[in-house]
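For reference, the structure discussed in these notes is given below.
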Amino acid sequence: MAGGNAIRGSRIGAGPMGEAERGDAAPRTFVTYWCANGHEVTPSFSVDDGVEIPAEWECKRCGLPAGQDKDNPPAPPTAEVYKTHLAYVKERRSDTEGEAILEERLGELRDRGLIQ
């Protein structure tokens, strides 16, 4: 690239960025996690006293939970089955209660002459 500017993207007076200008990096520890698909994730954590390393971490490849035991990773979460309105009603009422409520309402409609 003849005629190009060698310091493009730099500010005047800027030198090379290195540890001397940025300061020392904080001490880190690396923890390896494995998911049920066998993927390996190795995030780093600070070594400070108040930092707790989590037992599980989300796999960045598949999104499943990952644990620190390679031979026994956490099980994938199970999705809850969709429930209809009727299923929720049946959880709250027995069949006998439902029949009593239905008869009561049908009686009101018969009294008004809306049904026979």
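Identifiers in this document derive from the order of the structure tokens: chains are assigned A, B, ..., residues are numbered from 1 separately in each chain, and ligands are numbered from 1 in order of occurrence.
Taking only C-alpha atoms, the non-local environment of A:Ala75 within 12 Å (same-chain residues fewer than 2 positions away omitted) comprises Trp34, Cys35, Ala36, Asn37, Gly38, Glu56, Leu64, Pro65, Ala66, Gly67, Asp71, Asn72, Pro73, Pro77 and Thr78 of chain A.
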Exercise. Write out as a count of residues only all residues of chain A that DSSP puts in helix (DSSP H, G or I) for this structure's backbone.
Key: 30
Quiz prompt | Selection: 9 Å around A:Val47, only C-alpha atoms, excl. self and same-chain fewer than 5 positions, as a PyMOL selection string | solution = chain A and resi 26-29
Practice problem: Give me, please, the distance in Å between atom CA of A:Lys70 and atom CA of A:Ala25, quoted to one decimal. | Solution: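 Taking atom CA of A:Lys70 and atom CA of A:Ala25, their separation equals 29.6 Å.
Across the model, the gap from atom CA of A:Lys90 to atom CA of A:Arg110 is 25.5 Å.
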Quiz prompt | Pick from A:Ser46, A:Gln116, A:Thr96, A:Thr32 nearest to A:Asp69, counting only C-alpha atoms | solution =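 Closest to A:Asp69, using only C-alpha atoms: A:Thr32.
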Quiz item: How many Å separate atom CA of A:Lys83 from atom CA of A:Asp95?
Solution: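 Between atom CA of A:Lys83 and atom CA of A:Asp95 the gap is 18.0 Å.
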Exercise. Write out as number ranges by chain all residues of chain A that backbone DSSP assigns to strand (DSSP E).
Key: A: 28-30, 33-35, 40-41, 44-46, 56-58, 65-67
Quiz item: Using only C-alpha atoms, which of A:Glu97, A:Tyr33, A:Phe45, A:Val89 sits nearest A:Gln68?
Solution: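 Of the candidates, the smallest distance to A:Gln68 is held by A:Tyr33.
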